[in-house]
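K.L.:
Sharing a structure here in C-alpha cells format.
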Protein chains: 2
Amino acid sequence: MTGDRNNNDVLKPDIVISSRVRLARNLERYPFPFRMSREQSLKLLSEIKDIVIKSSATAADNFYFVDIQKLNPVDRQVLVEKHLISPDLAESQIESAAIISKDETISIMVNEEDHIRIQCLYPGMQIDAAWQLCNNLDKLFEEKVDYAFSKDFGYLTCCPTNIGTGIRASVMLHLPALVMTGYIRNILEACSKLSIAVRGMYGENTEAAGNMFQISNQVTLGQTEQEIIANITSVASQIIEQERTIRNELYKQNPYRFEDKIYRSLGIFTNARIMTSEECMKLISDVRLGIDMGIIKTIDRNTLDKIMLLTQPANLQKTIGKPLSPEERDLRRAELIRELIKR
Amino acid sequence: MTGDRNNNDVLKPDIVISSRVRLARNLERYPFPFRMSREQSLKLLSEIKDIVIKSSATAADNFYFVDIQKLNPVDRQVLVEKHLISPDLAESQIESAAIISKDETISIMVNEEDHIRIQCLYPGMQIDAAWQLCNNLDKLFEEKVDYAFSKDFGYLTCCPTNIGTGIRASVMLHLPALVMTGYIRNILEACSKLSIAVRGMYGENTEAAGNMFQISNQVTLGQTEQEIIANITSVASQIIEQERTIRNELYKQNPYRFEDKIYRSLGIFTNARIMTSEECMKLISDVRLGIDMGIIKTIDRNTLDKIMLLTQPANLQKTIGKPLSPEERDLRRAELIRELIKR
C-alpha cells in the first residue's frame, strides 16, 4: 500500500474532505425492493429497525428513525446534502427509511435499491475506520437475519455492479490545483484504468462542484473488502500527493498571482449580496485552498465546512426556517455566509 | 440658469469631483512660447515669478516655484496626476514653470502653449469661486504687465480656440449610472450641440477612466466670462440631476442587485493583491457610488479621494519612494489601498 509512506500527510484534513464506506445487503426472505409489496416493505422496515434498536441498551437513544415517505421534499434534500441518504432514496416511491446515528456517522438506508445499505461516514482520511464500523454493523445484522448470499458470487445485490462484497469505499477529495492545471484529466484516465470511479459531490451523474471529486471502487467482485479498501487508500494517497505537489508549485511559481486569486474570491465571498449555489461552491473551493495553504487565517476549516453544508439549497431553507424561491435563496445564502464568518 | 433650482443638491460632493477655471494669457512684449528664444523664456519666467512673489507679504511662503526642466519624469507626472500642470507642460522642451500655491488650489503655468495659464482648482461644485480667484490673479498680472489684447478679439492666444476670454471652465463629474444605462450617449450628443466639450480625466484625448467626465466650454469668443461660467454651471447641474435620478431609479428597481455590484467591487478592492491602474479606477467608481448612495459606510470620501490620487502611477512611485516597474506598481497599488483603508 503506497499510501503508508505518507500516512501523516494523508491524515491532514487539507485535501480529503471525508471517507465513506457502504455495504449493500439483501435478506433472503424478501424480494428485491422494487418488486416488494407494500406489506413486505413495511415488515422489512420494522424488522431492521428492531434489530438496530435492540442492538444495545443505548441504541434507541443514539439513533433516529426517518420515514422517508413522511418527509417533505426539503427535509429529504437536507439529508441528501448531508450525504446521509442517497438521491435515489430521497425520490423513493416505496416505503423506505433511514436509521441515522445522532452523530450522523452511521446511516442505514432500508429499501433503497437494496434492502439494506449500511453507510459509515467520517471526516478526513479515515477510510479504514469507516470500514471497521460498517463491518461491525454488518456482523450485527448477520447474526439476526439471513443475507442473500451465494457461495459463488458472494452477497447478492439488486444491481450486478454491487454483487460480491457489496462494498463501495469512497473518499471525497478537493482537487483545485489538479483542475486549474488540467492535470485532473490524467487522473481521471488513470483511475478509469484502475477501475476506480470518479464522481461529483453527490455521487453518480453529479457535477464536481467546487472541485470536489468522489473516488470509489468500481469492482466489488473478486477482491476482498481489505483489498478494495487498500486499493482506494493507495489511489487516494497518490492523488493527494499530486494535488499537494501542484499546489506548492503553483504557489511558488507566482505567489502574488496565487494569493491574488485566493483573496479576490475571499473578497467576493464575504461581500456579495447575491450568490448562486454554483458560485458559492467555486468560491468555497478557493477559500478552502487559501486556508489549506496558510494564506487565509481569518476563517477556519470548520466554519467553511459549516458554510458549505448550510448554503446548499435545502439546508439553507431549513436554517432560515421557511421555503425560499431560488432568488430568495441567493440573497439568504450571501447573508448567511457573512453571518457564519462573523461568528 | 436652471441649476439654481437645485443649488443645495449641486453643492453636495457626491457627483462633482472638482471645479476648475483657467485663463490663457500672453504678454505683448514676447513672441508666443513656441517661437521664443531660451533667453526670452527665462526672462519671462523670472518676470512672472517676481510678480507672484511680490504680490503680498506672504506670497513667497505660500507659493512654490517648479522649474519643469529640472524635474524628473515621475515628478512631472505627479503634478499632472494632481491636475496641477497639463500633460503638455509635463512634456515641455522649453524653459517652463509652474507656480503652485501650497494648498494646491492655484497653479500658474508659465510658457505652456501660452505665456501664462492661470488655473484655480476647487473640490466639489465651486466653479464660481474658482472663477473669482482666477479673476483676482488675472487683475494682479494685468496691473504689472501688458497683455496681448485686441479690441476686436479680446485676449490673444497661441491657439485660436482660446482667443477672446481665454477662459476654460470645467467640472469633473462622476457619472457611473449614466454610463451603466448608456444614457451617457445622449448627454454627449446634447453637450456637443451646446458647444460643451466632454473629455476624460486628464483633458483632451484621455479616456473617461472610472466614469469620470470633464465637461468644459468650447467657445471662448462672443460670450462674457460670466455667461460661460453660468452656461457650464447650468449644463453641469442638469447632468448631475440626471445622474442622480438614474442612480435612485436603478437602486429602487433592484436594491439587492445594486448593492451586490457595489459590495463585490468593495470586496475585490479591499482584498486583491494585484491591481492595475485601470481596474483600480473602475472599482473606485463603484465604491464611490456606494459611498454616495449610503451603502458603504466603512470608507469615507476623503479616503477614497486619497486612494484615487495615490494609486496613480507617478504618485504611487512617489509614495513608495522609488521607481517601480508596472508589475511592481500593481502589487504596491493593491497594498496601498488596504493600508489607506485600514488607517
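Going through the C-alpha cells in order, the chains are called A, B, and so on, while each chain numbers its residues from 1 and the ligands are numbered from 1 in the order shown.
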Could you write out chain B as a compact mmCIF listing (two decimals) with C-alpha atoms, in the first residue's frame once it has been least-squares superposed on chain A using every ordered C-alpha pair?

P.N.:
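Wrote it out as selection_21.txt, contents follow:
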```txt
# COMPACT_ATOMS: atom_id res chain seq x y z
CA MET B 1 0.33 0.27 -0.42
CA THR B 2 2.20 3.33 -1.62
CA GLY B 3 0.10 5.59 0.57
CA ASP B 4 1.83 4.28 3.68
CA ARG B 5 4.84 6.46 2.99
CA ASN B 6 2.85 9.62 3.65
CA ASN B 7 0.52 8.44 6.31
CA ASN B 8 0.90 11.63 8.34
CA ASP B 9 0.26 13.76 5.32
CA VAL B 10 -2.72 11.69 4.33
CA LEU B 11 -4.39 12.23 7.69
CA LYS B 12 -4.19 16.00 7.30
CA PRO B 13 -7.67 17.27 6.55
CA ASP B 14 -6.50 19.62 3.83
CA ILE B 15 -7.48 17.67 0.71
CA VAL B 16 -9.62 14.78 1.91
CA ILE B 17 -12.99 16.09 2.92
CA SER B 18 -14.49 12.78 4.03
CA SER B 19 -14.26 9.00 3.85
CA ARG B 20 -17.23 6.77 3.35
CA VAL B 21 -17.90 3.06 3.16
CA ARG B 22 -21.23 1.48 2.36
CA LEU B 23 -22.30 -2.12 2.19
CA ALA B 24 -25.23 -3.33 0.08
CA ARG B 25 -27.09 -6.22 1.70
CA ASN B 26 -30.31 -8.10 1.00
CA LEU B 27 -32.34 -10.54 3.07
CA GLU B 28 -33.07 -14.01 1.79
CA ARG B 29 -36.74 -14.05 2.77
CA TYR B 30 -37.79 -10.92 0.80
CA PRO B 31 -37.85 -10.04 -2.92
CA PHE B 32 -35.68 -7.08 -3.95
CA PRO B 33 -37.26 -3.74 -2.96
CA PHE B 34 -38.54 -2.83 -6.43
CA ARG B 35 -40.58 -6.09 -6.44
CA MET B 36 -41.85 -5.93 -2.86
CA SER B 37 -45.46 -5.49 -1.83
CA ARG B 38 -46.23 -2.60 0.54
CA GLU B 39 -46.75 -5.12 3.37
CA GLN B 40 -43.36 -6.68 2.75
CA SER B 41 -41.68 -3.26 2.70
CA LEU B 42 -43.25 -2.30 6.01
CA LYS B 43 -42.43 -5.65 7.58
CA LEU B 44 -38.79 -5.35 6.53
CA LEU B 45 -38.57 -1.79 7.82
CA SER B 46 -39.86 -2.78 11.22
CA GLU B 47 -37.61 -5.84 11.37
CA ILE B 48 -34.46 -3.79 10.61
CA LYS B 49 -35.48 -1.01 12.99
CA ASP B 50 -35.92 -3.57 15.78
CA ILE B 51 -32.50 -5.05 15.21
CA VAL B 52 -30.85 -1.64 15.47
CA ILE B 53 -32.82 -0.49 18.51
CA LYS B 54 -32.24 -3.73 20.38
CA SER B 55 -28.56 -3.85 19.47
CA SER B 56 -27.56 -2.12 22.69
CA ALA B 57 -29.06 -0.55 25.79
CA THR B 58 -28.49 2.96 24.42
CA ALA B 59 -29.20 2.34 20.73
CA ALA B 60 -32.76 3.70 20.96
CA ASP B 61 -31.32 7.01 22.15
CA ASN B 62 -28.44 7.07 19.72
CA PHE B 63 -30.35 6.57 16.50
CA TYR B 64 -33.25 8.29 14.90
CA PHE B 65 -35.57 6.59 12.50
CA VAL B 66 -36.54 8.57 9.42
CA ASP B 67 -39.63 7.51 7.47
CA ILE B 68 -38.78 8.81 3.99
CA GLN B 69 -42.41 8.68 2.84
CA LYS B 70 -43.39 11.09 5.60
CA LEU B 71 -40.71 13.67 4.85
CA ASN B 72 -41.39 16.75 2.73
CA PRO B 73 -39.11 17.28 -0.28
CA VAL B 74 -36.95 19.89 1.51
CA ASP B 75 -36.30 17.58 4.48
CA ARG B 76 -35.39 14.74 2.14
CA GLN B 77 -32.98 17.00 0.30
CA VAL B 78 -31.45 18.12 3.61
CA LEU B 79 -30.43 14.51 4.21
CA VAL B 80 -29.07 14.14 0.67
CA GLU B 81 -26.97 17.30 1.11
CA LYS B 82 -25.63 15.87 4.36
CA HIS B 83 -24.75 12.67 2.46
CA LEU B 84 -26.93 10.71 4.89
CA ILE B 85 -29.24 9.30 2.23
CA SER B 86 -28.78 8.78 -1.50
CA PRO B 87 -30.57 10.95 -4.09
CA ASP B 88 -32.36 7.73 -5.12
CA LEU B 89 -33.74 7.13 -1.63
CA ALA B 90 -34.91 10.75 -1.49
CA GLU B 91 -37.08 10.09 -4.53
CA SER B 92 -38.25 6.69 -3.37
CA GLN B 93 -41.90 5.87 -4.04
CA ILE B 94 -41.97 2.82 -1.78
CA GLU B 95 -41.94 2.46 2.00
CA SER B 96 -38.34 3.23 2.84
CA ALA B 97 -36.38 4.60 5.75
CA ALA B 98 -33.04 5.75 7.04
CA ILE B 99 -31.82 4.86 10.51
CA ILE B 100 -29.30 7.56 11.33
CA SER B 101 -26.98 7.82 14.31
CA LYS B 102 -27.26 11.11 16.18
CA ASP B 103 -23.65 11.98 15.40
CA GLU B 104 -24.53 11.38 11.72
CA THR B 105 -21.67 8.93 11.28
CA ILE B 106 -23.93 5.97 10.55
CA SER B 107 -26.84 5.84 8.16
CA ILE B 108 -28.65 2.61 7.44
CA MET B 109 -30.90 3.00 4.44
CA VAL B 110 -33.71 0.48 4.22
CA ASN B 111 -35.44 -0.33 0.94
CA GLU B 112 -33.25 1.75 -1.26
CA GLU B 113 -32.09 -0.25 -4.30
CA ASP B 114 -31.19 -3.04 -1.86
CA HIS B 115 -32.87 -4.04 1.40
CA ILE B 116 -30.10 -2.56 3.48
CA ARG B 117 -27.40 -0.07 2.72
CA ILE B 118 -25.08 0.35 5.68
CA GLN B 119 -23.12 3.58 5.38
CA CYS B 120 -20.42 5.00 7.63
CA LEU B 121 -19.11 8.49 7.01
CA TYR B 122 -16.10 10.10 8.68
CA PRO B 123 -14.39 13.43 8.10
CA GLY B 124 -10.88 13.41 6.63
CA MET B 125 -8.94 10.30 5.59
CA GLN B 126 -10.52 7.62 7.79
CA ILE B 127 -11.50 5.00 5.28
CA ASP B 128 -10.22 2.13 7.48
CA ALA B 129 -12.22 3.35 10.45
CA ALA B 130 -15.32 3.70 8.27
CA TRP B 131 -14.84 0.17 7.02
CA GLN B 132 -14.40 -1.21 10.56
CA LEU B 133 -17.61 0.46 11.71
CA CYS B 134 -19.52 -0.85 8.66
CA ASN B 135 -18.14 -4.31 9.28
CA ASN B 136 -19.32 -4.29 12.90
CA LEU B 137 -22.81 -3.21 11.88
CA ASP B 138 -22.81 -5.86 9.15
CA LYS B 139 -21.98 -8.54 11.73
CA LEU B 140 -24.79 -7.30 13.94
CA PHE B 141 -27.30 -7.80 11.15
CA GLU B 142 -25.78 -11.10 10.07
CA GLU B 143 -26.46 -12.51 13.54
CA LYS B 144 -30.15 -11.68 13.28
CA VAL B 145 -31.11 -12.19 9.63
CA ASP B 146 -30.21 -14.43 6.75
CA TYR B 147 -28.49 -12.41 4.04
CA ALA B 148 -28.99 -13.35 0.40
CA PHE B 149 -25.59 -14.91 -0.20
CA SER B 150 -24.16 -17.22 -2.84
CA LYS B 151 -21.07 -19.38 -2.34
CA ASP B 152 -20.01 -18.50 -5.88
CA PHE B 153 -20.85 -14.81 -6.06
CA GLY B 154 -20.90 -13.60 -2.46
CA TYR B 155 -23.56 -11.11 -1.34
CA LEU B 156 -26.36 -10.86 -3.86
CA THR B 157 -27.50 -7.36 -4.76
CA CYS B 158 -30.22 -5.86 -6.86
CA CYS B 159 -27.76 -4.40 -9.36
CA PRO B 160 -25.02 -6.78 -10.56
CA THR B 161 -22.37 -4.02 -10.19
CA ASN B 162 -22.63 -4.39 -6.42
CA ILE B 163 -22.55 -8.18 -6.23
CA GLY B 164 -19.79 -9.93 -4.29
CA THR B 165 -18.59 -7.81 -1.42
CA GLY B 166 -21.38 -5.26 -1.88
CA ILE B 167 -18.89 -2.67 -0.77
CA ARG B 168 -18.36 0.80 -2.03
CA ALA B 169 -15.52 2.69 -0.40
CA SER B 170 -15.11 6.31 -1.34
CA VAL B 171 -13.19 9.41 -0.42
CA MET B 172 -14.21 12.97 -1.24
CA LEU B 173 -11.20 14.93 -2.46
CA HIS B 174 -10.80 18.66 -3.01
CA LEU B 175 -8.60 18.99 -6.10
CA PRO B 176 -8.45 22.65 -7.20
CA ALA B 177 -4.81 22.60 -8.33
CA LEU B 178 -5.33 19.50 -10.48
CA VAL B 179 -8.37 21.17 -12.07
CA MET B 180 -6.61 24.53 -12.52
CA THR B 181 -3.69 22.96 -14.36
CA GLY B 182 -5.80 20.45 -16.30
CA TYR B 183 -3.89 17.51 -14.78
CA ILE B 184 -7.20 16.23 -13.51
CA ARG B 185 -7.69 14.67 -16.97
CA ASN B 186 -4.66 12.41 -16.43
CA ILE B 187 -6.04 11.43 -13.03
CA LEU B 188 -9.42 10.57 -14.50
CA GLU B 189 -7.77 8.43 -17.18
CA ALA B 190 -5.54 6.62 -14.72
CA CYS B 191 -8.48 5.98 -12.40
CA SER B 192 -10.53 4.55 -15.20
CA LYS B 193 -7.70 2.09 -16.00
CA LEU B 194 -7.55 1.07 -12.33
CA SER B 195 -11.33 0.55 -12.23
CA ILE B 196 -11.74 3.47 -9.87
CA ALA B 197 -14.85 5.59 -10.41
CA VAL B 198 -14.57 9.38 -10.16
CA ARG B 199 -17.80 11.23 -9.52
CA GLY B 200 -19.13 14.61 -8.42
CA MET B 201 -20.13 15.66 -4.97
CA TYR B 202 -23.43 13.78 -4.77
CA GLY B 203 -22.46 10.55 -6.48
CA GLU B 204 -23.34 9.22 -9.90
CA ASN B 205 -24.15 11.76 -12.63
CA THR B 206 -23.47 14.78 -10.45
CA GLU B 207 -21.03 17.55 -11.22
CA ALA B 208 -17.73 18.09 -9.48
CA ALA B 209 -18.99 21.32 -7.90
CA GLY B 210 -16.31 23.25 -6.05
CA ASN B 211 -13.57 20.96 -7.41
CA MET B 212 -14.85 18.15 -5.18
CA PHE B 213 -14.31 14.66 -6.55
CA GLN B 214 -15.56 11.42 -5.06
CA ILE B 215 -13.34 8.49 -5.92
CA SER B 216 -14.58 4.96 -5.25
CA ASN B 217 -14.12 1.35 -6.26
CA GLN B 218 -15.97 0.11 -9.33
CA VAL B 219 -15.24 -3.57 -8.69
CA THR B 220 -16.98 -5.40 -5.86
CA LEU B 221 -16.34 -8.95 -7.02
CA GLY B 222 -13.12 -10.97 -6.99
CA GLN B 223 -11.38 -8.87 -4.36
CA THR B 224 -11.67 -8.94 -0.58
CA GLU B 225 -13.03 -5.94 1.26
CA GLN B 226 -9.53 -5.35 2.65
CA GLU B 227 -8.05 -5.32 -0.83
CA ILE B 228 -10.68 -2.86 -2.04
CA ILE B 229 -10.10 -0.53 0.93
CA ALA B 230 -6.32 -0.76 0.45
CA ASN B 231 -6.66 -0.02 -3.25
CA ILE B 232 -8.82 3.08 -2.73
CA THR B 233 -6.50 4.27 0.02
CA SER B 234 -3.49 3.86 -2.22
CA VAL B 235 -5.04 5.64 -5.20
CA ALA B 236 -6.35 8.43 -2.98
CA SER B 237 -2.93 8.87 -1.40
CA GLN B 238 -1.31 9.25 -4.79
CA ILE B 239 -3.89 11.79 -5.96
CA ILE B 240 -3.51 13.71 -2.69
CA GLU B 241 0.24 13.75 -3.13
CA GLN B 242 -0.06 15.08 -6.68
CA GLU B 243 -2.59 17.72 -5.67
CA ARG B 244 -0.32 18.85 -2.86
CA THR B 245 2.76 18.97 -5.08
CA ILE B 246 1.00 21.02 -7.74
CA ARG B 247 -0.44 23.39 -5.12
CA ASN B 248 3.02 24.06 -3.78
CA GLU B 249 4.47 24.47 -7.26
CA LEU B 250 1.76 26.90 -8.31
CA TYR B 251 2.22 28.92 -5.16
CA LYS B 252 6.00 28.97 -5.54
CA GLN B 253 5.84 29.91 -9.23
CA ASN B 254 3.95 33.12 -8.54
CA PRO B 255 2.98 33.67 -4.92
CA TYR B 256 1.38 37.06 -5.60
CA ARG B 257 -0.78 35.76 -8.43
CA PHE B 258 -1.77 32.79 -6.25
CA GLU B 259 -2.65 34.94 -3.23
CA ASP B 260 -4.42 37.46 -5.43
CA LYS B 261 -6.75 34.77 -6.76
CA ILE B 262 -7.46 33.48 -3.25
CA TYR B 263 -8.06 36.90 -1.75
CA ARG B 264 -10.27 38.11 -4.59
CA SER B 265 -12.48 35.09 -4.02
CA LEU B 266 -12.45 35.77 -0.28
CA GLY B 267 -13.41 39.39 -0.98
CA ILE B 268 -16.39 38.38 -3.08
CA PHE B 269 -17.32 35.54 -0.72
CA THR B 270 -17.54 37.87 2.27
CA ASN B 271 -19.02 40.89 0.51
CA ALA B 272 -21.46 39.74 -2.18
CA ARG B 273 -25.15 40.32 -1.54
CA ILE B 274 -26.42 37.81 -4.11
CA MET B 275 -24.83 34.40 -4.53
CA THR B 276 -25.88 31.37 -6.52
CA SER B 277 -25.17 27.90 -5.21
CA GLU B 278 -22.75 27.31 -8.08
CA GLU B 279 -20.69 30.45 -7.45
CA CYS B 280 -20.72 29.69 -3.73
CA MET B 281 -19.10 26.29 -4.32
CA LYS B 282 -16.45 27.84 -6.57
CA LEU B 283 -15.58 30.49 -3.98
CA ILE B 284 -15.57 27.92 -1.16
CA SER B 285 -13.04 25.96 -3.18
CA ASP B 286 -10.72 28.97 -3.44
CA VAL B 287 -11.19 29.91 0.21
CA ARG B 288 -10.53 26.31 1.28
CA LEU B 289 -7.36 26.30 -0.79
CA GLY B 290 -6.38 29.56 0.90
CA ILE B 291 -6.93 28.06 4.35
CA ASP B 292 -5.03 24.89 3.38
CA MET B 293 -2.06 26.92 2.14
CA GLY B 294 -1.97 29.08 5.26
CA ILE B 295 -2.92 32.19 3.27
CA ILE B 296 -6.31 32.78 4.89
CA LYS B 297 -6.18 32.76 8.67
CA THR B 298 -9.41 34.59 9.50
CA ILE B 299 -11.71 31.66 8.63
CA ASP B 300 -11.21 28.14 9.92
CA ARG B 301 -11.98 24.91 8.14
CA ASN B 302 -14.88 24.04 10.45
CA THR B 303 -16.62 27.32 9.67
CA LEU B 304 -16.09 26.73 5.96
CA ASP B 305 -17.48 23.18 6.22
CA LYS B 306 -20.50 24.56 8.00
CA ILE B 307 -20.98 27.19 5.30
CA MET B 308 -20.60 24.57 2.58
CA LEU B 309 -23.39 22.50 4.10
CA LEU B 310 -25.77 25.25 5.20
CA THR B 311 -25.64 27.13 1.88
CA GLN B 312 -26.88 24.09 -0.05
CA PRO B 313 -30.45 24.80 -1.20
CA ALA B 314 -32.34 22.53 1.21
CA ASN B 315 -30.16 23.15 4.26
CA LEU B 316 -30.39 26.87 3.59
CA GLN B 317 -34.20 26.74 3.64
CA LYS B 318 -34.08 24.59 6.78
CA THR B 319 -31.73 27.09 8.45
CA ILE B 320 -33.86 30.11 7.48
CA GLY B 321 -36.95 28.19 8.52
CA LYS B 322 -39.14 28.60 5.47
CA PRO B 323 -39.36 27.72 1.77
CA LEU B 324 -37.44 30.17 -0.41
CA SER B 325 -37.58 30.89 -4.13
CA PRO B 326 -34.24 30.51 -5.95
CA GLU B 327 -33.87 34.34 -5.96
CA GLU B 328 -34.50 34.54 -2.21
CA ARG B 329 -32.04 31.71 -1.65
CA ASP B 330 -29.31 33.65 -3.47
CA LEU B 331 -29.85 36.61 -1.11
CA ARG B 332 -30.09 34.53 2.05
CA ARG B 333 -27.06 32.47 1.04
CA ALA B 334 -24.90 35.60 0.78
CA GLU B 335 -26.29 36.84 4.10
CA LEU B 336 -25.71 33.54 5.88
CA ILE B 337 -22.09 33.37 4.72
CA ARG B 338 -21.41 36.76 6.30
CA GLU B 339 -23.21 35.78 9.50
CA LEU B 340 -21.37 32.49 9.88
CA ILE B 341 -18.01 34.14 9.28
CA LYS B 342 -18.75 36.93 11.76
CA ARG B 343 -19.55 34.39 14.51
```

K.L.:
Pick out each residue of segment 1-65 of chain A that DSSP on the backbone tags as strand (DSSP E or B); I need them as a PyMOL selection string.

P.N.:
chain A and resi 16-25+27+63-65

K.L.:
I need the residues in segment 98-322 of chain B that are alpha helix (DSSP H) according to DSSP; give them as a PyMOL selection string.

P.N.:
chain B and resi 127-144+176-181+184-193+225-253+255-271+277-292+301-310+313-320
